[in-house]
Amino acid sequence: MGVGDYLSDLMGTGSGSREHSNNNRKQLQTVELRVTMDCDGCVLKVKKTLSSLDGVESVEINRKQQKVTVTGYVEPNKVLKKAKSTGKKAEIWPYVPYSMVANPYTVQAYDKKAPPGYVRRVENSATIGTVTSYGDPYTTMFSDENPNACSIM
């Protein structure tokens with residue numbers, strides 16, 4: 001933004017559009033949804049509907065994973081509401097990569113319907129109440145109080 005643009009925006013008579021300045025206030029976001037789509041017609045309907053939202057930069061659809069990625073100056077709740085207006089079952093993308101979950105094979109995280117390499121997003125509220133303390137294994141390895149200590153000593 002140059003000095004001329006700054007002064008014209010300051011005076012309110014500039015060539016800068018109001019819509020562009022509103023988009024600067026909102027953050028560029030990527031919203032991932034899981035939308036049930038059975039055919040190419042469903043894909044086109046969802047893409048056309050989500051593209052019509054104000055502030056949407058791009059809509060990418062992966063039909064195999066039932067995943068819709070919307071990028072733009074949008075709010076996730078509005079995108080979800082618009083996706084549901086197509087008549088399709090839609091929800092915020094419920095999966096995260098294996099590496100993002102502490103215990104990916106627990107009952108809450110494992111999901112047969114999840115794409116390869118993903119597990120269901122779970123909160124760690126179950127592990128908040130329990131405190132697991134692991135001591136330094138090297139200090140207890142040769143301790144006299146440890147019945148499984150090294151027998152060489």
# chains A, B, ... in the order shown; residues from 1 in each chain; ligands from 1
call {"tool": "residues_around", "arguments": {"residues": "region 90-99 of chain A", "least_positions_apart": "3", "cutoff": "8 Å", "atoms": "only C-alpha atoms", "output": "MDAnalysis selection string"}}
result
chainID A and resid 31:36 67 80 83:84 102 104 114 117:121
call {"tool": "atom_distance", "arguments": {"atom1": "CA of Glu123 (chain A)", "atom2": "CA of Met100 (chain A)"}}
result
11.1 Å
call {"tool": "atom_distance", "arguments": {"atom1": "CA of Gly87 (chain A)", "atom2": "CA of Glu57 (chain A)"}}
result
22.9 Å
call {"tool": "atom_distance", "arguments": {"atom1": "CA of Tyr73 (chain A)", "atom2": "CA of Glu60 (chain A)"}}
result
15.3 Å
call {"tool": "closest_residue", "arguments": {"among": "A:Val122, A:Leu44, A:Leu50, A:Cys39", "to": "Lys81 (chain A)", "atoms": "only C-alpha atoms"}}
result
A:Leu50
call {"tool": "closest_residue", "arguments": {"among": "A:Val3, A:Val101, A:Leu28, A:Met11", "to": "Val70 (chain A)", "atoms": "only C-alpha atoms"}}
result
A:Leu28
call {"tool": "residues_around", "arguments": {"residues": "Lys47 (chain A)", "least_positions_apart": "3", "cutoff": "9 Å", "atoms": "only C-alpha atoms", "output": "ChimeraX atom specification"}}
result
/A:42-44,50-52,59-61,68
call {"tool": "write_last_selection", "arguments": {"atoms": "all heavy atoms", "output": "CSV table (one decimal), in the first residue's frame"}}
result
chain,number,residue,atom,x,y,z
A,42,CYS,N,-23.7,-34.2,-7.0
A,42,CYS,CA,-23.6,-33.7,-5.6
A,42,CYS,C,-22.4,-32.8,-5.4
A,42,CYS,O,-22.4,-31.8,-4.8
A,42,CYS,CB,-23.5,-34.9,-4.6
A,42,CYS,SG,-24.9,-36.0,-4.6
A,43,VAL,N,-21.3,-33.3,-6.0
A,43,VAL,CA,-20.0,-32.5,-5.9
A,43,VAL,C,-20.2,-31.1,-6.5
A,43,VAL,O,-19.8,-30.1,-5.9
A,43,VAL,CB,-18.9,-33.2,-6.6
A,43,VAL,CG1,-17.6,-32.4,-6.7
A,43,VAL,CG2,-18.6,-34.5,-5.9
A,44,LEU,N,-20.8,-31.0,-7.7
A,44,LEU,CA,-21.0,-29.8,-8.4
A,44,LEU,C,-22.0,-28.9,-7.6
A,44,LEU,O,-21.8,-27.7,-7.4
A,44,LEU,CB,-21.6,-30.0,-9.8
A,44,LEU,CG,-20.6,-30.6,-10.8
A,44,LEU,CD1,-21.3,-30.9,-12.1
A,44,LEU,CD2,-19.4,-29.6,-11.0
A,50,LEU,N,-21.1,-23.4,-2.1
A,50,LEU,CA,-20.1,-22.9,-1.3
A,50,LEU,C,-19.3,-21.8,-2.0
A,50,LEU,O,-18.8,-20.8,-1.3
A,50,LEU,CB,-19.1,-24.0,-0.8
A,50,LEU,CG,-19.7,-25.0,0.2
A,50,LEU,CD1,-18.7,-26.1,0.5
A,50,LEU,CD2,-20.3,-24.3,1.4
A,51,SER,N,-19.1,-21.8,-3.3
A,51,SER,CA,-18.5,-20.8,-4.0
A,51,SER,C,-19.2,-19.5,-4.0
A,51,SER,O,-18.7,-18.4,-4.2
A,51,SER,CB,-18.2,-21.2,-5.4
A,51,SER,OG,-17.3,-22.3,-5.5
A,52,SER,N,-20.6,-19.6,-3.8
A,52,SER,CA,-21.4,-18.4,-3.8
A,52,SER,C,-21.3,-17.6,-2.5
A,52,SER,O,-21.8,-16.4,-2.5
A,52,SER,CB,-22.9,-18.7,-4.1
A,52,SER,OG,-23.4,-19.4,-3.0
A,59,VAL,N,-12.7,-23.5,-3.4
A,59,VAL,CA,-13.3,-24.6,-2.9
A,59,VAL,C,-12.7,-25.8,-3.5
A,59,VAL,O,-12.7,-26.0,-4.8
A,59,VAL,CB,-14.9,-24.6,-3.2
A,59,VAL,CG1,-15.5,-25.8,-2.7
A,59,VAL,CG2,-15.5,-23.3,-2.6
A,60,GLU,N,-12.2,-26.7,-2.7
A,60,GLU,CA,-11.6,-28.0,-3.2
A,60,GLU,C,-12.3,-29.1,-2.6
A,60,GLU,O,-12.6,-29.1,-1.4
A,60,GLU,CB,-10.1,-28.1,-2.8
A,60,GLU,CG,-9.2,-27.0,-3.4
A,60,GLU,CD,-7.8,-27.0,-2.8
A,60,GLU,OE1,-7.4,-28.0,-2.2
A,60,GLU,OE2,-7.2,-26.0,-3.0
A,61,ILE,N,-12.7,-30.1,-3.5
A,61,ILE,CA,-13.5,-31.2,-3.0
A,61,ILE,C,-12.7,-32.5,-3.4
A,61,ILE,O,-12.3,-32.7,-4.5
A,61,ILE,CB,-14.9,-31.2,-3.7
A,61,ILE,CG1,-15.6,-30.0,-3.2
A,61,ILE,CG2,-15.6,-32.5,-3.3
A,61,ILE,CD1,-17.0,-29.8,-3.8
A,68,VAL,N,-14.3,-31.5,2.0
A,68,VAL,CA,-14.5,-30.2,1.3
A,68,VAL,C,-13.6,-29.2,2.0
A,68,VAL,O,-13.7,-29.0,3.2
A,68,VAL,CB,-15.9,-29.7,1.3
A,68,VAL,CG1,-16.0,-28.4,0.6
A,68,VAL,CG2,-16.8,-30.7,0.6
